[in-house]
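Chemist: The following file, coords-v2.txt, comprises compact mmCIF, N, CA and C atoms:
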# COMPACT_ATOMS: atom_id res chain seq x y z
N MET A 26 -126.00 355.93 62.39
CA MET A 26 -125.32 355.31 63.51
C MET A 26 -126.20 354.18 64.05
N ARG A 27 -125.62 353.01 64.20
CA ARG A 27 -126.44 351.90 64.66
C ARG A 27 -126.38 351.80 66.18
N GLN A 28 -127.46 351.34 66.75
CA GLN A 28 -127.55 351.21 68.19
C GLN A 28 -126.96 349.86 68.59
N LEU A 29 -126.13 349.89 69.62
CA LEU A 29 -125.53 348.66 70.11
C LEU A 29 -126.47 347.92 71.04
N THR A 30 -126.37 346.62 71.05
CA THR A 30 -127.15 345.84 72.01
C THR A 30 -126.34 345.70 73.28
N LEU A 31 -126.99 345.23 74.32
CA LEU A 31 -126.27 345.01 75.58
C LEU A 31 -125.17 343.97 75.40
N LEU A 32 -125.38 343.00 74.51
CA LEU A 32 -124.35 341.99 74.27
C LEU A 32 -123.12 342.61 73.61
N ASP A 33 -123.33 343.56 72.67
CA ASP A 33 -122.20 344.26 72.06
C ASP A 33 -121.41 345.01 73.12
N ASP A 34 -122.15 345.71 74.01
CA ASP A 34 -121.50 346.46 75.08
C ASP A 34 -120.69 345.53 75.98
N ALA A 35 -121.29 344.41 76.35
CA ALA A 35 -120.61 343.47 77.25
C ALA A 35 -119.37 342.89 76.58
N ALA A 36 -119.46 342.57 75.30
CA ALA A 36 -118.31 342.01 74.59
C ALA A 36 -117.17 343.02 74.51
N ARG A 37 -117.51 344.28 74.26
CA ARG A 37 -116.49 345.32 74.19
C ARG A 37 -115.80 345.50 75.54
N LEU A 38 -116.60 345.53 76.60
CA LEU A 38 -116.03 345.77 77.93
C LEU A 38 -115.28 344.56 78.48
N ALA A 39 -115.71 343.36 78.07
CA ALA A 39 -115.10 342.14 78.62
C ALA A 39 -113.60 342.08 78.34
N GLY A 40 -113.17 342.51 77.18
CA GLY A 40 -111.76 342.40 76.83
C GLY A 40 -110.98 343.69 76.91
N VAL A 41 -111.60 344.74 77.45
CA VAL A 41 -110.93 346.04 77.43
C VAL A 41 -109.65 346.03 78.26
N MET A 42 -109.66 345.43 79.43
CA MET A 42 -108.46 345.48 80.27
C MET A 42 -107.33 344.68 79.64
N ALA A 43 -107.65 343.57 79.01
CA ALA A 43 -106.62 342.79 78.32
C ALA A 43 -106.00 343.61 77.19
N SER A 44 -106.83 344.36 76.48
CA SER A 44 -106.34 345.21 75.39
C SER A 44 -105.47 346.35 75.94
N ILE A 45 -105.92 346.95 77.02
CA ILE A 45 -105.15 348.03 77.64
C ILE A 45 -103.80 347.51 78.12
N ARG A 46 -103.82 346.37 78.79
CA ARG A 46 -102.57 345.77 79.29
C ARG A 46 -101.62 345.45 78.13
N ALA A 47 -102.15 344.90 77.05
CA ALA A 47 -101.30 344.56 75.90
C ALA A 47 -100.67 345.82 75.32
N ALA A 48 -101.45 346.88 75.21
CA ALA A 48 -100.92 348.14 74.69
C ALA A 48 -99.88 348.72 75.64
N MET A 49 -100.13 348.60 76.94
CA MET A 49 -99.16 349.08 77.93
C MET A 49 -97.86 348.27 77.86
N ARG A 50 -97.99 346.96 77.71
CA ARG A 50 -96.79 346.10 77.60
C ARG A 50 -95.96 346.51 76.39
N ALA A 51 -96.62 346.74 75.27
CA ALA A 51 -95.90 347.14 74.06
C ALA A 51 -95.18 348.47 74.27
N ALA A 52 -95.83 349.40 74.93
CA ALA A 52 -95.24 350.72 75.16
C ALA A 52 -94.10 350.65 76.18
N ALA A 53 -94.21 349.77 77.15
CA ALA A 53 -93.22 349.68 78.22
C ALA A 53 -91.93 349.02 77.77
N GLY A 54 -92.01 348.17 76.76
CA GLY A 54 -90.82 347.47 76.29
C GLY A 54 -90.60 346.17 77.04
N ALA A 55 -89.50 345.54 76.73
CA ALA A 55 -89.18 344.24 77.33
C ALA A 55 -89.00 344.37 78.83
N PRO A 56 -89.35 343.31 79.58
CA PRO A 56 -89.26 343.38 81.06
C PRO A 56 -87.88 343.76 81.60
N ASP A 57 -86.83 343.39 80.91
CA ASP A 57 -85.49 343.69 81.40
C ASP A 57 -84.85 344.89 80.72
N SER A 58 -85.60 345.59 79.89
CA SER A 58 -85.04 346.75 79.19
C SER A 58 -84.84 347.92 80.15
N GLU A 59 -83.93 348.78 79.79
CA GLU A 59 -83.64 349.95 80.63
C GLU A 59 -84.85 350.88 80.70
N GLY A 60 -85.56 351.01 79.59
CA GLY A 60 -86.74 351.88 79.57
C GLY A 60 -87.80 351.41 80.55
N ARG A 61 -88.01 350.10 80.60
CA ARG A 61 -89.03 349.57 81.52
C ARG A 61 -88.57 349.68 82.97
N LYS A 62 -87.27 349.51 83.19
CA LYS A 62 -86.76 349.65 84.56
C LYS A 62 -86.89 351.08 85.06
N ALA A 63 -86.77 352.06 84.16
CA ALA A 63 -86.85 353.47 84.54
C ALA A 63 -88.30 353.97 84.61
N LEU A 64 -89.22 353.22 84.04
CA LEU A 64 -90.61 353.66 83.96
C LEU A 64 -91.27 353.92 85.32
N PRO A 65 -91.08 353.08 86.33
CA PRO A 65 -91.70 353.39 87.63
C PRO A 65 -91.26 354.75 88.18
N ASP A 66 -89.98 355.09 88.01
CA ASP A 66 -89.50 356.38 88.49
C ASP A 66 -90.16 357.53 87.72
N LYS A 67 -90.32 357.36 86.39
CA LYS A 67 -91.00 358.39 85.59
C LYS A 67 -92.45 358.54 86.03
N LEU A 68 -93.11 357.40 86.25
CA LEU A 68 -94.51 357.43 86.69
C LEU A 68 -94.65 358.09 88.06
N ASN A 69 -93.78 357.71 88.97
CA ASN A 69 -93.83 358.28 90.33
C ASN A 69 -93.57 359.78 90.31
N SER A 70 -92.61 360.20 89.50
CA SER A 70 -92.29 361.62 89.40
C SER A 70 -93.47 362.40 88.82
N LEU A 71 -94.06 361.86 87.78
CA LEU A 71 -95.22 362.50 87.15
C LEU A 71 -96.39 362.57 88.12
N ALA A 72 -96.65 361.49 88.83
CA ALA A 72 -97.75 361.47 89.80
C ALA A 72 -97.52 362.46 90.93
N ARG A 73 -96.30 362.56 91.38
CA ARG A 73 -95.96 363.50 92.45
C ARG A 73 -96.21 364.94 91.97
N ARG A 74 -95.74 365.26 90.75
CA ARG A 74 -95.92 366.62 90.21
C ARG A 74 -97.40 366.93 89.98
N ALA A 75 -98.18 365.93 89.59
CA ALA A 75 -99.60 366.13 89.30
C ALA A 75 -100.46 366.05 90.57
N GLY A 76 -99.88 365.55 91.65
CA GLY A 76 -100.62 365.42 92.89
C GLY A 76 -101.66 364.31 92.85
N ILE A 77 -101.34 363.22 92.14
CA ILE A 77 -102.27 362.09 92.04
C ILE A 77 -101.64 360.84 92.63
N LYS A 78 -102.51 359.89 93.00
CA LYS A 78 -102.05 358.58 93.48
C LYS A 78 -102.24 357.58 92.36
N LEU A 79 -101.26 356.71 92.19
CA LEU A 79 -101.33 355.71 91.14
C LEU A 79 -101.94 354.40 91.62
N THR A 80 -102.06 354.24 92.94
CA THR A 80 -102.62 353.01 93.49
C THR A 80 -103.73 353.36 94.47
N ALA A 81 -104.54 352.38 94.77
CA ALA A 81 -105.64 352.59 95.71
C ALA A 81 -105.18 352.45 97.15
N GLY A 82 -104.05 351.83 97.38
CA GLY A 82 -103.56 351.59 98.74
C GLY A 82 -102.91 352.81 99.35
N ASN A 83 -102.14 352.56 100.39
CA ASN A 83 -101.46 353.64 101.10
C ASN A 83 -100.11 354.00 100.49
N GLN A 84 -99.68 353.22 99.51
CA GLN A 84 -98.39 353.49 98.90
C GLN A 84 -98.41 354.84 98.18
N LYS A 85 -97.33 355.57 98.32
CA LYS A 85 -97.21 356.87 97.66
C LYS A 85 -96.56 356.72 96.28
N SER A 86 -95.96 355.57 96.03
CA SER A 86 -95.30 355.35 94.75
C SER A 86 -95.48 353.89 94.34
N ILE A 87 -95.14 353.62 93.07
CA ILE A 87 -95.22 352.24 92.60
C ILE A 87 -93.80 351.71 92.38
N SER A 88 -93.69 350.42 92.50
CA SER A 88 -92.40 349.75 92.27
C SER A 88 -92.43 349.08 90.90
N LYS A 89 -91.28 348.57 90.48
CA LYS A 89 -91.24 347.82 89.22
C LYS A 89 -92.11 346.58 89.33
N ASP A 90 -92.16 345.97 90.51
CA ASP A 90 -93.03 344.80 90.71
C ASP A 90 -94.50 345.15 90.46
N THR A 91 -94.95 346.30 90.96
CA THR A 91 -96.33 346.73 90.74
C THR A 91 -96.57 346.96 89.27
N LEU A 92 -95.63 347.62 88.61
CA LEU A 92 -95.77 347.86 87.17
C LEU A 92 -95.86 346.53 86.43
N ASP A 93 -95.01 345.58 86.78
CA ASP A 93 -95.04 344.26 86.13
C ASP A 93 -96.38 343.56 86.35
N LYS A 94 -96.97 343.73 87.53
CA LYS A 94 -98.28 343.13 87.79
C LYS A 94 -99.35 343.80 86.94
N TRP A 95 -99.28 345.12 86.78
CA TRP A 95 -100.23 345.82 85.92
C TRP A 95 -100.16 345.30 84.49
N LEU A 96 -98.95 345.00 84.05
CA LEU A 96 -98.73 344.62 82.66
C LEU A 96 -98.91 343.14 82.39
N SER A 97 -98.99 342.35 83.43
CA SER A 97 -99.09 340.90 83.28
C SER A 97 -100.45 340.50 82.70
N PRO A 98 -100.44 339.71 81.62
CA PRO A 98 -101.73 339.30 81.05
C PRO A 98 -102.49 338.33 81.95
N SER A 99 -101.78 337.64 82.84
CA SER A 99 -102.44 336.63 83.67
C SER A 99 -102.84 337.14 85.05
N ASP A 100 -102.32 338.29 85.48
CA ASP A 100 -102.63 338.81 86.81
C ASP A 100 -103.80 339.80 86.71
N THR A 101 -105.00 339.29 86.90
CA THR A 101 -106.18 340.16 86.79
C THR A 101 -106.55 340.83 88.11
N SER A 102 -105.83 340.51 89.18
CA SER A 102 -106.15 341.11 90.48
C SER A 102 -105.46 342.47 90.67
N HIS A 103 -104.48 342.78 89.85
CA HIS A 103 -103.77 344.07 89.95
C HIS A 103 -104.04 344.86 88.66
N THR A 104 -105.09 345.64 88.70
CA THR A 104 -105.49 346.42 87.53
C THR A 104 -105.12 347.88 87.75
N PRO A 105 -104.48 348.52 86.79
CA PRO A 105 -104.16 349.94 86.95
C PRO A 105 -105.43 350.78 86.91
N SER A 106 -105.45 351.83 87.70
CA SER A 106 -106.59 352.75 87.71
C SER A 106 -106.57 353.60 86.43
N LEU A 107 -107.65 354.30 86.21
CA LEU A 107 -107.72 355.20 85.06
C LEU A 107 -106.61 356.26 85.16
N LEU A 108 -106.39 356.82 86.35
CA LEU A 108 -105.32 357.80 86.52
C LEU A 108 -103.96 357.17 86.22
N ALA A 109 -103.77 355.92 86.62
CA ALA A 109 -102.51 355.24 86.36
C ALA A 109 -102.31 355.04 84.86
N VAL A 110 -103.37 354.69 84.14
CA VAL A 110 -103.27 354.52 82.68
C VAL A 110 -102.95 355.86 82.03
N LEU A 111 -103.61 356.92 82.47
CA LEU A 111 -103.33 358.25 81.91
C LEU A 111 -101.88 358.67 82.18
N ALA A 112 -101.41 358.45 83.40
CA ALA A 112 -100.03 358.78 83.74
C ALA A 112 -99.06 357.93 82.92
N PHE A 113 -99.39 356.67 82.74
CA PHE A 113 -98.56 355.77 81.94
C PHE A 113 -98.45 356.29 80.50
N CYS A 114 -99.57 356.67 79.92
CA CYS A 114 -99.57 357.20 78.55
C CYS A 114 -98.70 358.45 78.46
N ARG A 115 -98.83 359.31 79.44
CA ARG A 115 -98.04 360.54 79.45
C ARG A 115 -96.56 360.23 79.62
N ALA A 116 -96.22 359.30 80.50
CA ALA A 116 -94.82 358.97 80.79
C ALA A 116 -94.15 358.29 79.60
N THR A 117 -94.90 357.47 78.87
CA THR A 117 -94.31 356.75 77.74
C THR A 117 -94.47 357.50 76.42
N GLY A 118 -95.40 358.45 76.38
CA GLY A 118 -95.68 359.14 75.13
C GLY A 118 -96.48 358.30 74.15
N ASP A 119 -97.01 357.19 74.61
CA ASP A 119 -97.78 356.26 73.76
C ASP A 119 -99.23 356.28 74.23
N MET A 120 -100.13 356.70 73.36
CA MET A 120 -101.54 356.83 73.72
C MET A 120 -102.37 355.59 73.40
N GLU A 121 -101.74 354.52 72.95
CA GLU A 121 -102.48 353.32 72.55
C GLU A 121 -103.29 352.72 73.70
N PRO A 122 -102.79 352.67 74.94
CA PRO A 122 -103.65 352.15 76.03
C PRO A 122 -104.94 352.97 76.18
N LEU A 123 -104.83 354.26 76.08
CA LEU A 123 -106.01 355.13 76.17
C LEU A 123 -106.93 354.90 74.96
N ARG A 124 -106.34 354.68 73.79
CA ARG A 124 -107.14 354.40 72.59
C ARG A 124 -107.95 353.11 72.79
N MET A 125 -107.35 352.10 73.43
CA MET A 125 -108.06 350.84 73.68
C MET A 125 -109.25 351.08 74.61
N ALA A 126 -109.07 351.92 75.62
CA ALA A 126 -110.17 352.24 76.54
C ALA A 126 -111.28 352.98 75.81
N ALA A 127 -110.90 353.92 74.96
CA ALA A 127 -111.90 354.69 74.21
C ALA A 127 -112.68 353.79 73.25
N LYS A 128 -111.98 352.87 72.59
CA LYS A 128 -112.65 351.97 71.65
C LYS A 128 -113.68 351.09 72.35
N ALA A 129 -113.45 350.78 73.61
CA ALA A 129 -114.39 349.93 74.36
C ALA A 129 -115.75 350.59 74.53
N VAL A 130 -115.80 351.91 74.42
CA VAL A 130 -117.08 352.62 74.53
C VAL A 130 -117.49 353.24 73.20
N GLY A 131 -116.86 352.77 72.12
CA GLY A 131 -117.26 353.19 70.78
C GLY A 131 -116.64 354.49 70.29
N LEU A 132 -115.56 354.92 70.91
CA LEU A 132 -114.88 356.15 70.51
C LEU A 132 -113.49 355.84 69.98
N ASP A 133 -112.84 356.84 69.41
CA ASP A 133 -111.46 356.70 68.99
C ASP A 133 -110.77 358.03 69.25
N LEU A 134 -109.47 358.03 69.26
CA LEU A 134 -108.69 359.24 69.49
C LEU A 134 -108.19 359.79 68.16
N MET A 135 -108.07 361.10 68.10
CA MET A 135 -107.52 361.74 66.91
C MET A 135 -106.17 362.36 67.27
N THR A 136 -105.22 362.18 66.36
CA THR A 136 -103.94 362.85 66.52
C THR A 136 -104.06 364.25 65.90
N GLU A 137 -103.05 365.05 66.10
CA GLU A 137 -103.05 366.38 65.50
C GLU A 137 -103.09 366.27 63.97
N GLU A 138 -102.38 365.30 63.42
CA GLU A 138 -102.40 365.08 61.97
C GLU A 138 -103.80 364.67 61.50
N ASP A 139 -104.46 363.80 62.27
CA ASP A 139 -105.84 363.40 61.94
C ASP A 139 -106.75 364.63 61.88
N ARG A 140 -106.59 365.55 62.82
CA ARG A 140 -107.43 366.75 62.84
C ARG A 140 -107.18 367.62 61.61
N LYS A 141 -105.90 367.73 61.23
CA LYS A 141 -105.57 368.54 60.04
C LYS A 141 -106.20 367.93 58.79
N VAL A 142 -106.12 366.62 58.65
CA VAL A 142 -106.72 365.95 57.49
C VAL A 142 -108.23 366.13 57.50
N ARG A 143 -108.84 365.99 58.68
CA ARG A 143 -110.29 366.21 58.80
C ARG A 143 -110.67 367.63 58.40
N ASP A 144 -109.91 368.61 58.91
CA ASP A 144 -110.19 370.00 58.60
C ASP A 144 -109.99 370.30 57.11
N TYR A 145 -108.98 369.70 56.51
CA TYR A 145 -108.75 369.86 55.08
C TYR A 145 -109.93 369.30 54.29
N GLY A 146 -110.37 368.11 54.65
CA GLY A 146 -111.52 367.50 53.98
C GLY A 146 -112.76 368.34 54.11
N ARG A 147 -112.97 368.90 55.30
CA ARG A 147 -114.13 369.77 55.52
C ARG A 147 -114.03 371.02 54.64
N ALA A 148 -112.81 371.59 54.53
CA ALA A 148 -112.62 372.78 53.69
C ALA A 148 -112.89 372.46 52.22
N VAL A 149 -112.46 371.29 51.76
CA VAL A 149 -112.72 370.88 50.38
C VAL A 149 -114.22 370.76 50.14
N LEU A 150 -114.94 370.13 51.05
CA LEU A 150 -116.39 370.00 50.91
C LEU A 150 -117.08 371.37 50.92
N ASP A 151 -116.61 372.27 51.79
CA ASP A 151 -117.18 373.62 51.84
C ASP A 151 -116.94 374.36 50.53
N MET A 152 -115.75 374.19 49.95
CA MET A 152 -115.44 374.84 48.67
C MET A 152 -116.33 374.31 47.56
N LYS A 153 -116.57 373.01 47.53
CA LYS A 153 -117.44 372.41 46.52
C LYS A 153 -118.87 372.95 46.66
N ALA A 154 -119.33 373.04 47.89
CA ALA A 154 -120.68 373.56 48.12
C ALA A 154 -120.78 375.02 47.69
N ALA A 155 -119.73 375.81 47.96
CA ALA A 155 -119.73 377.23 47.57
C ALA A 155 -119.71 377.35 46.05
N ARG A 156 -118.95 376.51 45.36
CA ARG A 156 -118.93 376.53 43.89
C ARG A 156 -120.30 376.19 43.32
N GLU A 157 -120.97 375.22 43.95
CA GLU A 157 -122.31 374.83 43.50
C GLU A 157 -123.30 375.98 43.69
N ARG A 158 -123.25 376.66 44.85
CA ARG A 158 -124.12 377.82 45.08
C ARG A 158 -123.83 378.92 44.06
N LYS A 159 -122.54 379.15 43.77
CA LYS A 159 -122.13 380.17 42.80
C LYS A 159 -122.67 379.82 41.40
N ARG A 160 -122.56 378.55 41.02
CA ARG A 160 -123.04 378.09 39.72
C ARG A 160 -124.55 378.32 39.61
N LYS A 161 -125.30 378.02 40.67
CA LYS A 161 -126.75 378.22 40.66
C LYS A 161 -127.09 379.70 40.51
N LEU A 162 -126.36 380.57 41.23
CA LEU A 162 -126.60 382.02 41.14
C LEU A 162 -126.29 382.52 39.73
N GLU A 163 -125.22 382.02 39.12
CA GLU A 163 -124.86 382.44 37.77
C GLU A 163 -125.92 382.02 36.77
N ASN A 164 -126.47 380.81 36.95
CA ASN A 164 -127.52 380.33 36.05
C ASN A 164 -128.81 381.13 36.15
N ASP A 165 -129.07 381.68 37.34
CA ASP A 165 -130.27 382.48 37.56
C ASP A 165 -130.13 383.89 37.00
N LEU A 166 -128.94 384.31 36.68
CA LEU A 166 -128.74 385.68 36.15
C LEU A 166 -129.14 385.82 34.73
Take the structure I supplied and represent it as C-alpha cells, if you would.
Modeler:
Amino acid sequence: MRQLTLLDDAARLAGVMASIRAAMRAAAGAPDSEGRKALPDKLNSLARRAGIKLTAGNQKSISKDTLDKWLSPSDTSHTPSLLAVLAFCRATGDMEPLRMAAKAVGLDLMTEEDRKVRDYGRAVLDMKAARERKRKLENDL
C-alpha cells in the first residue's frame, strides 16, 4: 500500500462535493421528472422516521428548491450534510453518492454480490493451500 502525500489528499478532497452532487443528480433524475418532484417528500418522510434533520437551519423539512440547490453544480453555498447524503442514498436506492465520498478518502463500497465473489475467491485460495499441504504430507509418508 502506498502512502499518499498531502497533495494527493487535497486533490481527492477538492472535487469530492462535485462528484457527490453529480452522482446525486444522476440518481434524482431530470429536474422536471415525477421521481425528482417526489424526492423531497421521500427524504422528509425518511428523516422524520429516523429522527434526523436534513438541514442545519430551523427548517424541519426540505423543499424541492433546497434539493435543486443541493444538486446544482454551480451552487456551492448549499451543500448537503452527511446525514442528508445518507438519507438521499436510502431514499433513491442509489449508493453512488456515498461511493464518491468513500473514494475521496481512499475507500470503496462493496455490494452483496462483491462480497460473495470475494468470499468465493478466498475459498478457492484456501482450497489450493489445503491441497498443497496435503501434497506435502503425502510426499513425507
Chemist: Between A:Lys161, A:Lys141, A:Arg124, A:Lys153, which residue has the minimum interatomic distance to Ala48 (chain A), considering only C-alpha atoms?
Modeler: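 Nearest to Ala48 (chain A): A:Arg124.
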Chemist: What gap, in Å, lies between atom N of Phe113 (chain A) and CA of Ala72 (chain A)?
Modeler: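 Between these atoms lies a distance of 8.7 Å.
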Chemist: Please identify the helix (DSSP H, G or I) residues within region 35-64 of chain A (assignment by DSSP from backbone atoms) and present them as a compact mmCIF listing (two decimals) with N, CA and C atoms, in the coordinates of the input.
Modeler:
# COMPACT_ATOMS: atom_id res chain seq x y z
N ALA A 35 -121.29 344.41 76.35
CA ALA A 35 -120.61 343.47 77.25
C ALA A 35 -119.37 342.89 76.58
N ALA A 36 -119.46 342.57 75.30
CA ALA A 36 -118.31 342.01 74.59
C ALA A 36 -117.17 343.02 74.51
N ARG A 37 -117.51 344.28 74.26
CA ARG A 37 -116.49 345.32 74.19
C ARG A 37 -115.80 345.50 75.54
N LEU A 38 -116.60 345.53 76.60
CA LEU A 38 -116.03 345.77 77.93
C LEU A 38 -115.28 344.56 78.48
N ALA A 39 -115.71 343.36 78.07
CA ALA A 39 -115.10 342.14 78.62
C ALA A 39 -113.60 342.08 78.34
N VAL A 41 -111.60 344.74 77.45
CA VAL A 41 -110.93 346.04 77.43
C VAL A 41 -109.65 346.03 78.26
N MET A 42 -109.66 345.43 79.43
CA MET A 42 -108.46 345.48 80.27
C MET A 42 -107.33 344.68 79.64
N ALA A 43 -107.65 343.57 79.01
CA ALA A 43 -106.62 342.79 78.32
C ALA A 43 -106.00 343.61 77.19
N SER A 44 -106.83 344.36 76.48
CA SER A 44 -106.34 345.21 75.39
C SER A 44 -105.47 346.35 75.94
N ILE A 45 -105.92 346.95 77.02
CA ILE A 45 -105.15 348.03 77.64
C ILE A 45 -103.80 347.51 78.12
N ARG A 46 -103.82 346.37 78.79
CA ARG A 46 -102.57 345.77 79.29
C ARG A 46 -101.62 345.45 78.13
N ALA A 47 -102.15 344.90 77.05
CA ALA A 47 -101.30 344.56 75.90
C ALA A 47 -100.67 345.82 75.32
N ALA A 48 -101.45 346.88 75.21
CA ALA A 48 -100.92 348.14 74.69
C ALA A 48 -99.88 348.72 75.64
N MET A 49 -100.13 348.60 76.94
CA MET A 49 -99.16 349.08 77.93
C MET A 49 -97.86 348.27 77.86
N ARG A 50 -97.99 346.96 77.71
CA ARG A 50 -96.79 346.10 77.60
C ARG A 50 -95.96 346.51 76.39
N ALA A 51 -96.62 346.74 75.27
CA ALA A 51 -95.90 347.14 74.06
C ALA A 51 -95.18 348.47 74.27
N ALA A 52 -95.83 349.40 74.93
CA ALA A 52 -95.24 350.72 75.16
C ALA A 52 -94.10 350.65 76.18
N ALA A 53 -94.21 349.77 77.15
CA ALA A 53 -93.22 349.68 78.22
C ALA A 53 -91.93 349.02 77.77
N GLU A 59 -83.93 348.78 79.79
CA GLU A 59 -83.64 349.95 80.63
C GLU A 59 -84.85 350.88 80.70
N GLY A 60 -85.56 351.01 79.59
CA GLY A 60 -86.74 351.88 79.57
C GLY A 60 -87.80 351.41 80.55
N ARG A 61 -88.01 350.10 80.60
CA ARG A 61 -89.03 349.57 81.52
C ARG A 61 -88.57 349.68 82.97
N LYS A 62 -87.27 349.51 83.19
CA LYS A 62 -86.76 349.65 84.56
C LYS A 62 -86.89 351.08 85.06
N ALA A 63 -86.77 352.06 84.16
CA ALA A 63 -86.85 353.47 84.54
C ALA A 63 -88.30 353.97 84.61
N LEU A 64 -89.22 353.22 84.04
CA LEU A 64 -90.61 353.66 83.96
C LEU A 64 -91.27 353.92 85.32
Chemist: Would you mind reading off the distance between atom N of Gly54 (chain A) and atom N of Pro98 (chain A), one decimal, in Å?
Modeler: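 Taking atom N of Gly54 (chain A) and atom N of Pro98 (chain A), their separation equals 12.9 Å.
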Chemist: Which residue gives the smallest distance to Ala116 (chain A) among A:Ile87, A:Ala75, A:Leu68, A:Met42, with all atoms listed in the file counted?
Modeler: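 Going through A:Ile87, A:Ala75, A:Leu68, A:Met42 one by one, the smallest distance to Ala116 (chain A) is for A:Leu68.
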Chemist: Point out the residue among A:Ala35, A:Ile77, A:Ala51, A:Val41 with the least atom-to-atom distance to Asp119 (chain A), counting only C-alpha atoms.
Modeler: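 Counting only C-alpha atoms, the residue closest to Asp119 (chain A) is A:Ala51.
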Chemist: For CA of Leu92 (chain A) and CA of Ser44 (chain A), quote the distance in Å rounded to one decimal.
Modeler: 16.0 Å
